[in-house]
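*Asks:* Below is the file entry04.pdb, with PDB, C-alpha atoms.
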```pdb
ATOM      1  CA  MET A   1     -11.026 -42.272 -10.924
ATOM      2  CA  SER A   2      -8.171 -43.756  -8.941
ATOM      3  CA  PHE A   3      -4.600 -42.559  -9.198
ATOM      4  CA  GLU A   4      -1.276 -43.446  -7.645
ATOM      5  CA  ILE A   5       0.593 -41.003  -5.442
ATOM      6  CA  PRO A   6       4.282 -41.000  -6.448
ATOM      7  CA  THR A   7       6.553 -42.474  -3.785
ATOM      8  CA  ASP A   8       9.013 -39.559  -4.097
ATOM      9  CA  LEU A   9       6.313 -36.915  -3.564
ATOM     10  CA  THR A  10       6.992 -34.476  -0.753
ATOM     11  CA  PRO A  11       4.043 -34.796   1.700
ATOM     12  CA  GLU A  12       2.682 -31.296   1.157
ATOM     13  CA  LEU A  13       2.030 -32.005  -2.524
ATOM     14  CA  VAL A  14      -0.398 -34.841  -1.791
ATOM     15  CA  PRO A  15      -3.425 -32.480  -2.040
ATOM     16  CA  LEU A  16      -2.223 -31.454  -5.533
ATOM     17  CA  SER A  17      -1.188 -34.952  -6.642
ATOM     18  CA  TRP A  18      -4.327 -35.580  -8.736
ATOM     19  CA  LEU A  19      -3.107 -32.870 -11.137
ATOM     20  CA  LEU A  20       0.181 -34.619 -11.920
ATOM     21  CA  GLY A  21       0.615 -35.823 -15.480
ATOM     22  CA  THR A  22      -0.113 -34.663 -19.020
ATOM     23  CA  TRP A  23      -3.619 -33.505 -19.912
ATOM     24  CA  GLU A  24      -4.878 -32.827 -23.449
ATOM     25  CA  GLY A  25      -8.164 -31.642 -24.868
ATOM     26  CA  SER A  26     -10.165 -28.961 -26.549
ATOM     27  CA  GLY A  27     -11.871 -25.795 -25.456
ATOM     28  CA  ARG A  28     -13.551 -22.602 -26.530
ATOM     29  CA  LEU A  29     -12.513 -18.975 -26.162
ATOM     30  CA  GLY A  30     -14.803 -16.411 -24.558
ATOM     31  CA  GLU A  31     -18.209 -17.570 -23.398
ATOM     32  CA  GLY A  32     -18.095 -20.761 -25.457
ATOM     33  CA  THR A  33     -20.999 -19.725 -27.671
ATOM     34  CA  ALA A  34     -21.535 -20.999 -31.210
ATOM     35  CA  ASP A  35     -19.258 -18.336 -32.714
ATOM     36  CA  SER A  36     -16.473 -18.728 -30.114
ATOM     37  CA  GLU A  37     -13.118 -19.879 -31.476
ATOM     38  CA  HIS A  38     -11.850 -23.400 -30.764
ATOM     39  CA  PHE A  39      -8.478 -24.355 -29.303
ATOM     40  CA  PHE A  40      -6.498 -27.443 -28.331
ATOM     41  CA  GLN A  41      -4.406 -27.483 -25.148
ATOM     42  CA  ARG A  42      -1.727 -29.686 -23.629
ATOM     43  CA  ALA A  43      -1.159 -29.022 -19.904
ATOM     44  CA  VAL A  44       1.631 -30.740 -17.979
ATOM     45  CA  PHE A  45       1.912 -30.844 -14.179
ATOM     46  CA  THR A  46       5.186 -32.303 -12.880
ATOM     47  CA  GLN A  47       7.029 -32.527  -9.577
ATOM     48  CA  HIS A  48      10.742 -32.760  -8.855
ATOM     49  CA  GLY A  49      10.863 -33.787  -5.187
ATOM     50  CA  LEU A  50      10.468 -30.151  -4.110
ATOM     51  CA  PRO A  51       7.384 -28.603  -2.436
ATOM     52  CA  TYR A  52       5.782 -27.284  -5.625
ATOM     53  CA  VAL A  53       4.175 -28.556  -8.801
ATOM     54  CA  GLN A  54       5.595 -27.189 -12.049
ATOM     55  CA  TYR A  55       2.987 -26.295 -14.670
ATOM     56  CA  THR A  56       3.233 -25.680 -18.417
ATOM     57  CA  ALA A  57       0.329 -25.295 -20.847
ATOM     58  CA  GLU A  58       0.628 -24.930 -24.627
ATOM     59  CA  SER A  59      -2.411 -23.997 -26.703
ATOM     60  CA  TRP A  60      -3.187 -23.899 -30.433
ATOM     61  CA  LEU A  61      -6.123 -22.380 -32.326
ATOM     62  CA  THR A  62      -8.060 -25.042 -34.224
ATOM     63  CA  ASP A  63     -10.996 -25.255 -36.565
ATOM     64  CA  GLU A  64     -14.268 -26.938 -35.559
ATOM     65  CA  GLU A  65     -12.888 -30.351 -36.538
ATOM     66  CA  GLY A  66      -9.816 -29.919 -34.331
ATOM     67  CA  ASN A  67      -7.312 -29.247 -37.119
ATOM     68  CA  THR A  68      -4.482 -27.016 -35.928
ATOM     69  CA  LEU A  69      -4.508 -23.522 -37.423
ATOM     70  CA  ARG A  70      -1.661 -21.832 -35.527
ATOM     71  CA  PRO A  71       0.007 -21.579 -32.103
ATOM     72  CA  LEU A  72      -2.041 -19.638 -29.568
ATOM     73  CA  SER A  73       0.092 -19.254 -26.439
ATOM     74  CA  VAL A  74       2.232 -20.860 -23.735
ATOM     75  CA  GLU A  75       2.133 -20.302 -19.983
ATOM     76  CA  THR A  76       4.245 -21.765 -17.223
ATOM     77  CA  GLY A  77       4.387 -21.556 -13.466
ATOM     78  CA  PHE A  78       4.467 -23.154 -10.037
ATOM     79  CA  TRP A  79       1.664 -24.295  -7.707
ATOM     80  CA  ALA A  80       2.105 -24.984  -3.983
ATOM     81  CA  LEU A  81       0.476 -24.923  -0.572
ATOM     82  CA  ASP A  82       0.364 -21.386   0.789
ATOM     83  CA  ARG A  83       2.659 -21.406   3.814
ATOM     84  CA  LYS A  84       5.567 -19.430   5.211
ATOM     85  CA  LEU A  85       8.847 -20.642   3.730
ATOM     86  CA  ASN A  86      11.778 -21.568   5.990
ATOM     87  CA  ASP A  87      15.348 -22.918   5.838
ATOM     88  CA  ALA A  88      14.101 -26.259   4.504
ATOM     89  CA  ASP A  89      12.914 -24.499   1.322
ATOM     90  CA  VAL A  90      15.135 -23.633  -1.631
ATOM     91  CA  GLY A  91      15.800 -19.986  -2.515
ATOM     92  CA  PRO A  92      15.888 -17.205  -3.032
ATOM     93  CA  GLY A  93      17.668 -17.918  -6.287
ATOM     94  CA  LEU A  94      19.980 -20.928  -5.987
ATOM     95  CA  SER A  95      20.282 -20.820  -2.205
ATOM     96  CA  PRO A  96      20.149 -24.525  -1.274
ATOM     97  CA  ALA A  97      17.521 -25.917   1.046
ATOM     98  CA  ASP A  98      17.989 -28.307   3.925
ATOM     99  CA  ILE A  99      18.028 -31.929   2.795
ATOM    100  CA  VAL A 100      14.743 -32.840   4.507
ATOM    101  CA  PRO A 101      11.423 -31.378   3.270
ATOM    102  CA  ALA A 102       9.863 -28.621   5.324
ATOM    103  CA  LEU A 103       6.810 -30.796   5.977
ATOM    104  CA  LYS A 104       7.821 -34.405   6.632
ATOM    105  CA  SER A 105       4.508 -36.163   7.267
ATOM    106  CA  ALA A 106       0.787 -36.110   6.566
ATOM    107  CA  ASP A 107       0.215 -34.922  10.146
ATOM    108  CA  GLU A 108       2.403 -31.870   9.516
ATOM    109  CA  VAL A 109       0.498 -31.138   6.293
ATOM    110  CA  GLU A 110      -2.845 -31.427   8.111
ATOM    111  CA  GLN A 111      -2.024 -28.409  10.271
ATOM    112  CA  PHE A 112      -2.465 -26.292   7.121
ATOM    113  CA  ARG A 113      -6.013 -27.483   6.421
ATOM    114  CA  ASN A 114      -8.320 -24.444   6.289
ATOM    115  CA  ASP A 115     -11.734 -23.916   7.905
ATOM    116  CA  ALA A 116     -13.500 -25.147   4.746
ATOM    117  CA  GLY A 117     -11.714 -28.516   4.975
ATOM    118  CA  GLY A 118      -9.296 -27.829   2.115
ATOM    119  CA  PHE A 119      -5.906 -26.157   1.797
ATOM    120  CA  ASP A 120      -4.904 -22.633   0.849
ATOM    121  CA  ILE A 121      -2.682 -22.627  -2.232
ATOM    122  CA  THR A 122      -0.740 -20.207  -4.376
ATOM    123  CA  ALA A 123       0.124 -20.286  -8.067
ATOM    124  CA  THR A 124       2.569 -18.093  -9.952
ATOM    125  CA  ILE A 125       1.978 -18.146 -13.718
ATOM    126  CA  VAL A 126       4.044 -16.360 -16.373
ATOM    127  CA  HIS A 127       2.885 -15.476 -19.896
ATOM    128  CA  PRO A 128       4.580 -14.147 -23.037
ATOM    129  CA  GLY A 129       4.298 -10.391 -23.464
ATOM    130  CA  GLY A 130       5.685  -9.407 -20.055
ATOM    131  CA  ILE A 131       2.794 -10.612 -17.860
ATOM    132  CA  ALA A 132       3.022 -12.572 -14.593
ATOM    133  CA  GLU A 133       0.140 -13.520 -12.296
ATOM    134  CA  LEU A 134       0.217 -14.295  -8.578
ATOM    135  CA  TYR A 135      -2.860 -16.285  -7.577
ATOM    136  CA  TYR A 136      -4.166 -17.231  -4.151
ATOM    137  CA  GLY A 137      -6.948 -19.708  -3.642
ATOM    138  CA  SER A 138      -7.895 -23.071  -2.261
ATOM    139  CA  ILE A 139      -7.947 -26.752  -3.125
ATOM    140  CA  LYS A 140     -10.511 -29.092  -1.629
ATOM    141  CA  GLY A 141     -10.369 -32.618  -2.957
ATOM    142  CA  PRO A 142     -10.331 -32.435  -6.763
ATOM    143  CA  GLN A 143     -11.490 -28.798  -6.956
ATOM    144  CA  ILE A 144      -9.375 -25.643  -7.204
ATOM    145  CA  GLN A 145     -10.441 -21.990  -7.059
ATOM    146  CA  LEU A 146      -7.883 -19.245  -7.713
ATOM    147  CA  SER A 147      -8.023 -15.432  -7.861
ATOM    148  CA  THR A 148      -5.194 -13.073  -8.719
ATOM    149  CA  ASP A 149      -3.691 -11.067  -5.902
ATOM    150  CA  LEU A 150      -1.315  -9.353  -8.319
ATOM    151  CA  VAL A 151      -0.849  -9.058 -12.072
ATOM    152  CA  MET A 152       2.563  -7.711 -13.062
ATOM    153  CA  ARG A 153       2.821  -6.127 -16.520
ATOM    154  CA  GLY A 154       5.782  -4.791 -18.438
ATOM    155  CA  GLN A 155       5.651  -1.217 -19.699
ATOM    156  CA  HIS A 156       4.639  -2.358 -23.207
ATOM    157  CA  SER A 157       2.315  -5.209 -22.166
ATOM    158  CA  LYS A 158      -1.340  -5.299 -23.100
ATOM    159  CA  ASP A 159      -3.854  -4.154 -20.490
ATOM    160  CA  TYR A 160      -4.684  -6.991 -18.094
ATOM    161  CA  SER A 161      -5.605  -6.429 -14.452
ATOM    162  CA  ALA A 162      -7.152  -9.522 -12.815
ATOM    163  CA  ALA A 163      -8.190 -13.142 -13.307
ATOM    164  CA  THR A 164      -9.903 -16.102 -11.708
ATOM    165  CA  ARG A 165      -9.441 -19.792 -12.515
ATOM    166  CA  LEU A 166     -11.558 -22.800 -11.614
ATOM    167  CA  LEU A 167     -10.365 -26.380 -12.081
ATOM    168  CA  GLY A 168     -12.083 -29.607 -11.242
ATOM    169  CA  LEU A 169     -11.780 -33.328 -11.820
ATOM    170  CA  VAL A 170     -15.069 -34.706 -13.207
ATOM    171  CA  ASN A 171     -15.286 -38.398 -14.143
ATOM    172  CA  GLY A 172     -11.522 -38.461 -14.672
ATOM    173  CA  ASP A 173     -11.422 -35.370 -16.924
ATOM    174  CA  LEU A 174      -9.947 -31.984 -16.007
ATOM    175  CA  TYR A 175     -12.486 -29.199 -16.493
ATOM    176  CA  TRP A 176     -11.230 -25.639 -16.263
ATOM    177  CA  ARG A 177     -12.502 -22.077 -16.715
ATOM    178  CA  TRP A 178     -10.498 -18.844 -16.843
ATOM    179  CA  ASP A 179     -12.067 -15.376 -16.481
ATOM    180  CA  ILE A 180      -9.991 -12.225 -17.002
ATOM    181  CA  ALA A 181     -10.295  -8.460 -16.668
ATOM    182  CA  ALA A 182      -8.577  -6.792 -19.630
ATOM    183  CA  ASP A 183      -8.873  -3.696 -21.830
ATOM    184  CA  GLY A 184     -10.644  -1.770 -19.071
ATOM    185  CA  SER A 185     -13.394  -4.367 -18.527
ATOM    186  CA  SER A 186     -14.340  -6.237 -15.364
ATOM    187  CA  LEU A 187     -13.958 -10.020 -15.132
ATOM    188  CA  GLU A 188     -15.389 -11.753 -18.203
ATOM    189  CA  PRO A 189     -15.265 -15.335 -19.524
ATOM    190  CA  HIS A 190     -11.948 -15.820 -21.332
ATOM    191  CA  ALA A 191     -11.638 -19.551 -22.036
ATOM    192  CA  SER A 192     -12.720 -22.997 -20.852
ATOM    193  CA  ALA A 193     -11.744 -26.536 -21.750
ATOM    194  CA  ILE A 194     -12.077 -30.210 -20.940
ATOM    195  CA  LEU A 195      -8.777 -32.110 -20.831
ATOM    196  CA  ARG A 196      -8.186 -35.856 -20.643
ATOM    197  CA  LYS A 197      -5.183 -37.407 -18.967
ATOM    198  CA  SER A 198      -2.691 -38.958 -21.369
ATOM    199  CA  PRO A 199      -1.635 -42.541 -20.562
TER
END
```
Let me see whether you can do it: turn the structure in this file into structure tokens.
*Replies:*
Amino acid sequence: MSFEIPTDLTPELVPLSWLLGTWEGSGRLGEGTADSEHFFQRAVFTQHGLPYVQYTAESWLTDEEGNTLRPLSVETGFWALDRKLNDADVGPGLSPADIVPALKSADEVEQFRNDAGGFDITATIVHPGGIAELYYGSIKGPQIQLSTDLVMRGQHSKDYSAATRLLGLVNGDLYWRWDIAADGSSLEPHASAILRKSP
């Protein structure tokens, strides 16, 4: 599948550019067995000329035919190359960045390529119920692997201690799997889906 790289994309987002857009599709909770519940998801990856991709995913429980039963959840966050931030980066808070991006060319981005031929990335994802995840992982071509380094929970949040996520582009569709450790268990299959890019 071919795709266009936006002309206003900061160079360090080129490795993540295949994610940009709106993706929709269906999935299954748990191990995806015959009795696993169905859901529909819309995931949106956008960029704003800054060195991160903004992510939002909304999900709804459905019946086997895809009819919506009720809202399931929403998550939102930010994905970026894992690198030390400097004066060219915005923050903390509303502290303005320099006008030029921190990495100005493909050659400068290449210095962050890892030994496996990909790039180390980070993703911060926030959920309802007082839960935030900090993931570290890697992207190599159209494949992403992430593992939590930290799960932050509020004092009344449900038990949730770790997660992994796998994403991949297969024949133009976005396949993903999410495993979590919750309620005292080790990592177990939580959900998976196949999403198609909206025109």
*Asks:* Could you spell out the hits of the PyMOL selection byres ((chain A and resi 38-54) around 7) on the shown file, as a short mmCIF file (atom, residue, chain, number, x, y, z; two decimals) with C-alpha atoms, in the frame of the given file?
*Replies:*
```
data_model
loop_
_atom_site.label_atom_id
_atom_site.label_comp_id
_atom_site.auth_asym_id
_atom_site.auth_seq_id
_atom_site.Cartn_x
_atom_site.Cartn_y
_atom_site.Cartn_z
CA ASP A 8 9.01 -39.56 -4.10
CA LEU A 9 6.31 -36.92 -3.56
CA THR A 10 6.99 -34.48 -0.75
CA GLU A 12 2.68 -31.30 1.16
CA LEU A 13 2.03 -32.01 -2.52
CA LEU A 19 -3.11 -32.87 -11.14
CA LEU A 20 0.18 -34.62 -11.92
CA GLY A 21 0.62 -35.82 -15.48
CA THR A 22 -0.11 -34.66 -19.02
CA TRP A 23 -3.62 -33.51 -19.91
CA GLU A 24 -4.88 -32.83 -23.45
CA GLY A 25 -8.16 -31.64 -24.87
CA SER A 26 -10.16 -28.96 -26.55
CA GLY A 27 -11.87 -25.80 -25.46
CA ARG A 28 -13.55 -22.60 -26.53
CA LEU A 29 -12.51 -18.98 -26.16
CA SER A 36 -16.47 -18.73 -30.11
CA GLU A 37 -13.12 -19.88 -31.48
CA TYR A 55 2.99 -26.30 -14.67
CA THR A 56 3.23 -25.68 -18.42
CA ALA A 57 0.33 -25.30 -20.85
CA GLU A 58 0.63 -24.93 -24.63
CA SER A 59 -2.41 -24.00 -26.70
CA TRP A 60 -3.19 -23.90 -30.43
CA LEU A 61 -6.12 -22.38 -32.33
CA THR A 62 -8.06 -25.04 -34.22
CA ASP A 63 -11.00 -25.26 -36.56
CA GLU A 64 -14.27 -26.94 -35.56
CA GLY A 77 4.39 -21.56 -13.47
CA PHE A 78 4.47 -23.15 -10.04
CA TRP A 79 1.66 -24.30 -7.71
CA ALA A 80 2.10 -24.98 -3.98
#
```
*Asks:* Pick out the residues sitting within 12 Å of Gly129 of chain A, and hand them over as a list in words; count only C-alpha atoms, and ignore anything fewer than 3 positions along from it in its own chain.
*Replies:*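 Residues meeting the cut-off are Ser73, Val74, Glu75, Val126, Ala132, Met152, Arg153, Gly154, Gln155, His156, Ser157, Lys158, Asp159 and Tyr160 of chain A.
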*Asks:* Considering all atoms listed in the file, can you say which of A:Ser185, A:Ser198, A:Ser138, A:Phe112 comes closest to Asp173 of chain A?
*Replies:*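 Of A:Ser185, A:Ser198, A:Ser138, A:Phe112, the one nearest Asp173 of chain A, counting all atoms listed in the file, is A:Ser198.
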*Asks:* Just how far from atom CA of Leu150 of chain A is atom CA of Val90 of chain A, in Å to one decimal?
*Replies:*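 Atom-to-atom, atom CA of Val90 of chain A and atom CA of Leu150 of chain A are spaced 22.8 Å apart.
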*Asks:* I'd like to know which of A:His190, A:Gly184, A:Gln143, A:Thr33 is closest to Val170 of chain A, using only C-alpha atoms.
*Replies:*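 Residue with the minimum atom-to-atom distance to Val170 of chain A: A:Gln143.
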*Asks:* I'd like the residues picked by the PyMOL selection byres ((chain A and resi 85) around 12) written out as JSON, numbers by chain, using the chain letters and numbers from the file.
*Replies:* {"A": [51, 52, 80, 81, 82, 83, 84, 86, 87, 88, 89, 90, 91, 92, 97, 98, 101, 102, 103]}
*Asks:* Rounded to one decimal, what separation in Å do you get between atom CA of Trp176 of chain A and atom CA of Ala193 of chain A?
*Replies:*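 Between atom CA of Trp176 of chain A and atom CA of Ala193 of chain A the gap is 5.6 Å.
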*Asks:* Just to confirm, what's the straight-line distance from atom CA of Pro15 of chain A to atom CA of Ile144 of chain A in Å (one decimal)?
*Replies:*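 A separation of 10.4 Å between them.
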*Asks:* Evaluate the PyMOL selection byres ((chain A and resi 163-166) around 6) and record the selected residues as JSON, numbers by chain, following the chain and residue labels used in the document.
*Replies:* {"A": [144, 145, 146, 147, 148, 162, 167, 176, 177, 178, 179, 180]}
*Asks:* Measuring atom to atom with only C-alpha atoms, identify which of A:Asn114, A:Trp18, A:Pro199, A:Val109 is nearest to Leu174 of chain A.
*Replies:*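 Using only C-alpha atoms, Leu174 of chain A sits closest to A:Trp18.
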*Asks:* With all atoms listed in the file as the counted atoms, please give the residues lying no more than 8 Å from Asp149 of chain A, apart from itself and same-chain residues fewer than 4 positions off, as number ranges by chain.
*Replies:* A: 133-136, 162
*Asks:* Keeping C-alpha atoms, export the residues of the selection given above as a PDB file, keeping the file's coordinate frame.
*Replies:*
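What ended up in part.pdb:
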```
ATOM      1  CA  GLU A 133       0.140 -13.520 -12.296  1.00  0.00           C
ATOM      2  CA  LEU A 134       0.217 -14.295  -8.578  1.00  0.00           C
ATOM      3  CA  TYR A 135      -2.860 -16.285  -7.577  1.00  0.00           C
ATOM      4  CA  TYR A 136      -4.166 -17.231  -4.151  1.00  0.00           C
ATOM      5  CA  ALA A 162      -7.152  -9.522 -12.815  1.00  0.00           C
TER       6      ALA A 162
END
```
*Asks:* Which residue out of A:Gly168, A:Val14, A:Lys140, A:Ile131 has the minimum interatomic distance to Thr76 of chain A when only C-alpha atoms are used?
*Replies:*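 Nearest candidate to Thr76 of chain A out of A:Gly168, A:Val14, A:Lys140, A:Ile131: A:Ile131.
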